[in-house]
>>> print(open('entry_25.csv').read())   # CSV, C-alpha atoms
chain,number,residue,atom,x,y,z
A,1,ASP,CA,-30.6,-28.7,-78.6
A,2,LEU,CA,-31.8,-25.2,-79.7
A,3,HIS,CA,-35.5,-24.8,-80.4
A,4,VAL,CA,-37.0,-22.0,-82.5
A,5,VAL,CA,-40.3,-20.5,-81.2
A,6,LEU,CA,-42.2,-17.9,-83.3
A,7,PHE,CA,-43.5,-15.2,-81.0
A,8,GLY,CA,-46.0,-13.1,-83.0
A,9,SER,CA,-45.7,-12.5,-86.7
A,10,SER,CA,-42.1,-11.2,-86.9
A,11,LYS,CA,-40.4,-12.2,-83.7
A,12,LEU,CA,-38.1,-15.1,-83.0
A,13,VAL,CA,-36.9,-16.7,-79.8
A,14,ILE,CA,-34.1,-19.3,-79.6
A,15,THR,CA,-34.2,-21.3,-76.4
A,16,GLY,CA,-32.4,-24.3,-74.9
A,17,SER,CA,-35.6,-26.4,-74.5
A,18,GLN,CA,-38.9,-26.8,-76.1
A,19,VAL,CA,-41.4,-24.1,-75.0
A,20,ASN,CA,-44.9,-22.9,-76.0
A,21,GLU,CA,-45.8,-19.4,-77.0
A,22,ASP,CA,-47.9,-18.9,-73.8
A,23,GLN,CA,-44.8,-19.5,-71.7
A,24,ILE,CA,-43.0,-16.5,-73.2
A,25,GLU,CA,-43.5,-12.9,-71.9
A,26,ASN,CA,-42.0,-9.8,-73.6
A,27,LEU,CA,-40.1,-7.9,-71.0
A,28,GLY,CA,-39.2,-5.0,-73.4
A,29,ASN,CA,-35.8,-3.7,-74.2
A,30,GLY,CA,-35.1,-6.7,-76.4
A,31,THR,CA,-35.5,-9.4,-73.8
A,32,VAL,CA,-38.1,-12.0,-72.9
A,33,SER,CA,-38.8,-14.3,-70.0
A,34,ILE,CA,-39.7,-18.0,-70.3
A,35,ASP,CA,-41.8,-19.3,-67.4
A,36,GLY,CA,-40.8,-16.3,-65.4
A,37,GLU,CA,-37.0,-16.6,-66.0
A,38,GLU,CA,-35.1,-14.3,-68.3
A,39,ARG,CA,-33.8,-16.8,-70.9
A,40,ALA,CA,-33.5,-15.4,-74.3
A,41,THR,CA,-33.3,-12.4,-76.6
A,42,LEU,CA,-36.3,-11.1,-78.5
A,43,ASN,CA,-35.6,-9.7,-82.0
A,44,GLU,CA,-38.2,-7.7,-83.9
A,45,GLY,CA,-38.5,-6.8,-87.6
A,46,SER,CA,-38.3,-8.7,-90.8
A,47,ASN,CA,-34.5,-9.4,-90.6
A,48,VAL,CA,-34.5,-11.6,-87.6
A,49,GLN,CA,-31.1,-12.9,-86.4
A,50,SER,CA,-30.8,-16.1,-84.4
A,51,VAL,CA,-29.8,-15.7,-80.8
A,52,PRO,CA,-27.9,-18.3,-78.8
A,53,ALA,CA,-29.7,-19.7,-75.7
A,54,VAL,CA,-28.3,-18.6,-72.4
A,55,LYS,CA,-25.6,-21.0,-71.3
A,56,SER,CA,-26.7,-22.6,-68.0
A,57,ILE,CA,-25.3,-25.2,-65.6
A,58,LEU,CA,-27.3,-27.2,-63.0
A,59,MET,CA,-25.3,-28.0,-59.8
A,60,VAL,CA,-26.9,-30.7,-57.7
A,61,VAL,CA,-26.1,-30.7,-53.9
A,62,ALA,CA,-27.3,-32.8,-51.0
A,63,PRO,CA,-29.8,-31.2,-48.7
A,64,SER,CA,-27.1,-31.2,-46.0
A,65,GLY,CA,-23.4,-32.2,-45.9
A,66,TYR,CA,-22.3,-31.0,-49.3
A,67,ARG,CA,-18.6,-29.9,-49.4
A,68,GLU,CA,-18.5,-26.1,-49.7
A,69,GLU,CA,-15.3,-25.9,-51.8
A,70,GLU,CA,-16.7,-28.5,-54.2
A,71,LEU,CA,-19.6,-26.2,-54.9
A,72,GLU,CA,-18.1,-22.7,-54.6
A,73,VAL,CA,-14.9,-23.2,-56.6
A,74,PRO,CA,-16.6,-24.6,-59.7
A,75,LEU,CA,-19.6,-22.3,-59.4
A,76,LYS,CA,-17.3,-19.2,-59.4
A,77,ALA,CA,-15.4,-20.5,-62.4
A,78,PHE,CA,-18.6,-21.2,-64.3
A,79,GLU,CA,-20.0,-17.8,-63.6
A,80,ASN,CA,-16.7,-16.1,-64.6
A,81,ALA,CA,-17.0,-18.0,-67.9
A,82,GLY,CA,-20.4,-16.6,-68.5
A,83,TYR,CA,-22.7,-19.4,-67.5
A,84,GLN,CA,-25.8,-19.0,-65.5
A,85,VAL,CA,-25.7,-21.5,-62.6
A,86,LYS,CA,-28.8,-23.0,-60.9
A,87,ILE,CA,-28.7,-25.1,-57.7
A,88,ALA,CA,-30.9,-28.2,-57.3
A,89,SER,CA,-31.5,-30.3,-54.2
A,90,ARG,CA,-34.0,-32.5,-52.5
A,91,GLY,CA,-36.8,-31.1,-50.3
A,92,VAL,CA,-35.1,-27.9,-49.0
A,93,GLU,CA,-35.2,-24.2,-49.8
A,94,SER,CA,-31.5,-23.9,-48.8
A,95,ALA,CA,-28.9,-26.6,-48.5
A,96,THR,CA,-26.4,-26.8,-45.7
A,97,GLY,CA,-22.7,-27.6,-46.2
A,98,SER,CA,-20.4,-29.8,-44.1
A,99,ALA,CA,-18.9,-26.6,-42.6
A,100,ASP,CA,-22.3,-25.0,-42.0
A,101,GLY,CA,-22.3,-23.0,-45.2
A,102,ARG,CA,-25.6,-22.5,-46.9
A,103,VAL,CA,-26.8,-22.1,-50.5
A,104,ARG,CA,-30.2,-21.2,-51.8
A,105,VAL,CA,-31.9,-23.9,-53.8
A,106,ASP,CA,-33.4,-22.8,-57.1
A,107,VAL,CA,-34.7,-26.1,-58.4
A,108,GLU,CA,-36.4,-29.1,-56.7
A,109,LEU,CA,-34.5,-32.2,-57.8
A,110,ALA,CA,-37.7,-33.9,-58.8
A,111,ASP,CA,-38.4,-31.0,-61.2
A,112,ALA,CA,-34.9,-30.8,-62.7
A,113,LEU,CA,-34.7,-31.5,-66.5
A,114,ALA,CA,-31.4,-32.2,-68.1
A,115,GLU,CA,-32.6,-30.7,-71.4
A,116,ASP,CA,-32.8,-27.2,-69.7
A,117,TYR,CA,-29.0,-27.1,-69.1
A,118,THR,CA,-25.7,-27.2,-70.9
A,119,ALA,CA,-24.3,-29.3,-68.1
A,120,VAL,CA,-25.3,-31.1,-64.9
A,121,VAL,CA,-22.8,-31.2,-62.1
A,122,PHE,CA,-23.2,-33.4,-59.0
A,123,VAL,CA,-21.4,-31.8,-56.0
A,124,GLY,CA,-19.7,-34.0,-53.5
A,125,GLY,CA,-19.4,-34.2,-49.7
A,126,GLY,CA,-20.5,-36.8,-47.2
A,127,GLY,CA,-24.1,-35.9,-47.5
A,128,ALA,CA,-24.2,-36.8,-51.1
A,129,GLU,CA,-24.6,-40.5,-50.2
A,130,VAL,CA,-28.4,-39.8,-49.9
A,131,LEU,CA,-28.4,-39.2,-53.6
A,132,PHE,CA,-26.6,-42.4,-54.6
A,133,ASN,CA,-29.9,-44.2,-55.2
A,134,ASP,CA,-32.2,-41.3,-55.4
A,135,ALA,CA,-34.6,-41.9,-58.3
A,136,ASP,CA,-34.6,-38.3,-59.5
A,137,ALA,CA,-30.8,-38.0,-59.3
A,138,LEU,CA,-30.4,-41.2,-61.3
A,139,ARG,CA,-33.0,-40.1,-63.8
A,140,LEU,CA,-31.2,-36.7,-64.2
A,141,ALA,CA,-27.9,-38.5,-64.8
A,142,ARG,CA,-29.3,-40.8,-67.4
A,143,ASP,CA,-31.2,-38.0,-69.2
A,144,ALA,CA,-28.1,-35.8,-69.3
A,145,VAL,CA,-26.1,-38.6,-71.0
A,146,GLU,CA,-29.0,-39.5,-73.4
A,147,LYS,CA,-29.3,-35.9,-74.5
A,148,GLY,CA,-25.6,-35.4,-75.0
A,149,LYS,CA,-25.1,-32.9,-72.1
A,150,VAL,CA,-21.9,-32.5,-70.2
A,151,ILE,CA,-22.3,-34.4,-66.9
A,152,ALA,CA,-19.8,-34.2,-64.1
A,153,ALA,CA,-19.4,-35.7,-60.6
A,154,ILE,CA,-17.1,-34.6,-57.8
A,155,ARG,CA,-15.5,-36.8,-55.1
A,156,ILE,CA,-17.9,-39.5,-54.1
A,157,ASP,CA,-20.6,-38.5,-56.6
A,158,PRO,CA,-19.3,-40.6,-59.5
A,159,SER,CA,-21.2,-43.4,-57.6
A,160,ILE,CA,-24.4,-41.6,-58.7
A,161,LEU,CA,-23.3,-41.9,-62.3
A,162,ALA,CA,-22.3,-45.6,-61.7
A,163,ASN,CA,-25.6,-46.4,-60.1
A,164,ALA,CA,-27.4,-44.7,-63.0
A,165,ASP,CA,-25.5,-47.1,-65.3
A,166,VAL,CA,-23.9,-44.4,-67.4
A,167,LEU,CA,-20.3,-45.3,-66.6
A,168,GLU,CA,-20.2,-48.8,-68.2
A,169,GLY,CA,-17.1,-49.0,-70.4
A,170,LYS,CA,-16.2,-45.3,-69.5
A,171,ARG,CA,-13.1,-44.1,-67.8
A,172,ALA,CA,-13.8,-42.5,-64.4
A,173,THR,CA,-12.1,-41.5,-61.2
A,174,SER,CA,-13.6,-40.9,-57.7
A,175,PHE,CA,-12.7,-40.7,-54.1
A,176,SER,CA,-11.1,-44.0,-53.0
A,177,SER,CA,-14.2,-45.1,-51.0
A,178,ASP,CA,-16.2,-45.4,-54.2
A,179,ARG,CA,-13.7,-47.2,-56.4
A,180,GLU,CA,-15.2,-50.6,-55.9
A,181,ASN,CA,-18.7,-49.4,-56.7
A,182,LEU,CA,-17.5,-47.9,-60.0
A,183,LEU,CA,-15.7,-51.1,-60.9
A,184,SER,CA,-18.8,-53.2,-60.0
A,185,HIS,CA,-20.7,-51.1,-62.6
A,186,GLU,CA,-18.0,-51.8,-65.2
A,187,ALA,CA,-16.4,-48.4,-65.2
A,188,GLN,CA,-12.8,-48.3,-66.2
A,189,PHE,CA,-11.4,-46.8,-63.0
A,190,VAL,CA,-8.4,-44.5,-63.4
A,191,SER,CA,-6.2,-43.1,-60.7
A,192,GLU,CA,-6.3,-39.5,-62.0
A,193,ASP,CA,-7.2,-36.3,-60.1
A,194,VAL,CA,-9.7,-35.4,-62.8
A,195,ASP,CA,-10.7,-37.5,-65.8
A,196,THR,CA,-12.8,-36.8,-68.9
A,197,ASP,CA,-14.3,-39.4,-71.1
A,198,GLY,CA,-16.3,-37.8,-73.8
A,199,ARG,CA,-18.8,-35.6,-72.1
A,200,ILE,CA,-18.4,-37.3,-68.7
A,201,VAL,CA,-16.1,-35.6,-66.2
A,202,THR,CA,-15.2,-37.1,-62.8
A,203,ASP,CA,-13.0,-35.8,-60.0
A,204,GLN,CA,-11.4,-37.4,-56.9
A,205,GLY,CA,-12.1,-34.7,-54.3
A,206,PRO,CA,-12.0,-31.2,-52.9
A,207,TYR,CA,-8.4,-30.5,-53.6
A,208,GLN,CA,-9.0,-31.1,-57.3
A,209,ALA,CA,-12.0,-28.7,-57.6
A,210,GLN,CA,-10.0,-26.1,-59.4
A,211,GLY,CA,-8.5,-28.6,-61.8
A,212,PHE,CA,-12.0,-30.0,-62.3
A,213,CYS,CA,-13.1,-26.6,-63.7
A,214,GLY,CA,-10.4,-26.8,-66.3
A,215,GLY,CA,-11.6,-30.4,-67.2
>>> encode(input="entry_25.csv", output="structure tokens")
Amino acid sequence: DLHVVLFGSSKLVITGSQVNEDQIENLGNGTVSIDGEERATLNEGSNVQSVPAVKSILMVVAPSGYREEELEVPLKAFENAGYQVKIASRGVESATGSADGRVRVDVELADALAEDYTAVVFVGGGGAEVLFNDADALRLARDAVEKGKVIAAIRIDPSILANADVLEGKRATSFSSDRENLLSHEAQFVSEDVDTDGRIVTDQGPYQAQGFCGG
């Protein structure tokens, strides 16, 4: 949802989440920051034009053992499409991949809010099992669905969506090891590389990462 915030008598900010005036700082040159992050355009004068919120995607990775290509391929595609991408994880400043790659963490998982993003993507890899029953990961998944966001899960991470009870009656695919978990949560399992049901996107594994971006 877009929220309108009046900033002064003749200035308007359009943001992707509800904010208060004291959270907004004028940076000059027609831009503002919201809570320290450049997020919107500031328009001055009596003929104010609405400005779309910056499109942003949150990618959630395990603290260790995420699969590098399942992060890097979609991330590059998202950025090339004009999205701002933030990385969330649990309890680390940088996460470590299964091949010893590293990525800086922007958002602590406990602080992540679905309403701040256009989409939430759970990145796979063996380490992602620690998020299967993580309370904040499940909350984030539920909130994303409730708020009508795009939500996606790669490889084994559809189990996070299943455990959050957002796949009931929905088509979904996953890595073979998680098929039974999806079925036990009443998902309609499909043997597709990538599947989309409404705003829910699921993917079987690393070799479908490029196709996932198109999904």
>>> closest_residue(input="entry_25.csv", among="A:Thr196, A:Ser64, A:Ser177, A:Thr96", to="Leu131 of chain A", atoms="all atoms listed in the file")
A:Ser64
>>> closest_residue(input="entry_25.csv", among="A:Ile154, A:Val130, A:Leu138, A:Val145", to="Glu68 of chain A", atoms="only C-alpha atoms")
A:Ile154
>>> closest_residue(input="entry_25.csv", among="A:Leu113, A:Val121, A:Val194, A:Ala164", to="Asn133 of chain A", atoms="only C-alpha atoms")
A:Ala164
>>> closest_residue(input="entry_25.csv", among="A:Ile200, A:Leu75, A:Ile156, A:Ala128", to="Ala62 of chain A", atoms="only C-alpha atoms")
A:Ala128
>>> atom_distance(input="entry_25.csv", atom1="atom CA of Asp143 of chain A", atom2="atom CA of Glu93 of chain A")
24.1 Å
>>> atom_distance(input="entry_25.csv", atom1="atom CA of Val60 of chain A", atom2="atom CA of Val201 of chain A")
14.6 Å
>>> closest_residue(input="entry_25.csv", among="A:Leu182, A:Ala152, A:Val107, A:Ala137", to="Pro74 of chain A", atoms="only C-alpha atoms")
A:Ala152
>>> residues_around(input="entry_25.csv", residues="Glu192 of chain A", least_positions_apart="4", cutoff="8 Å", atoms="all atoms listed in the file", output="PDB file with C-alpha atoms, in the coordinates of the input")
ATOM      1  CA  THR A 173     -12.100 -41.500 -61.200  1.00  0.00           C
ATOM      2  CA  ASP A 203     -13.000 -35.800 -60.000  1.00  0.00           C
ATOM      3  CA  GLN A 204     -11.400 -37.400 -56.900  1.00  0.00           C
TER       4      GLN A 204
END
>>> atom_distance(input="entry_25.csv", atom1="atom CA of Pro63 of chain A", atom2="atom CA of Ala144 of chain A")
21.2 Å
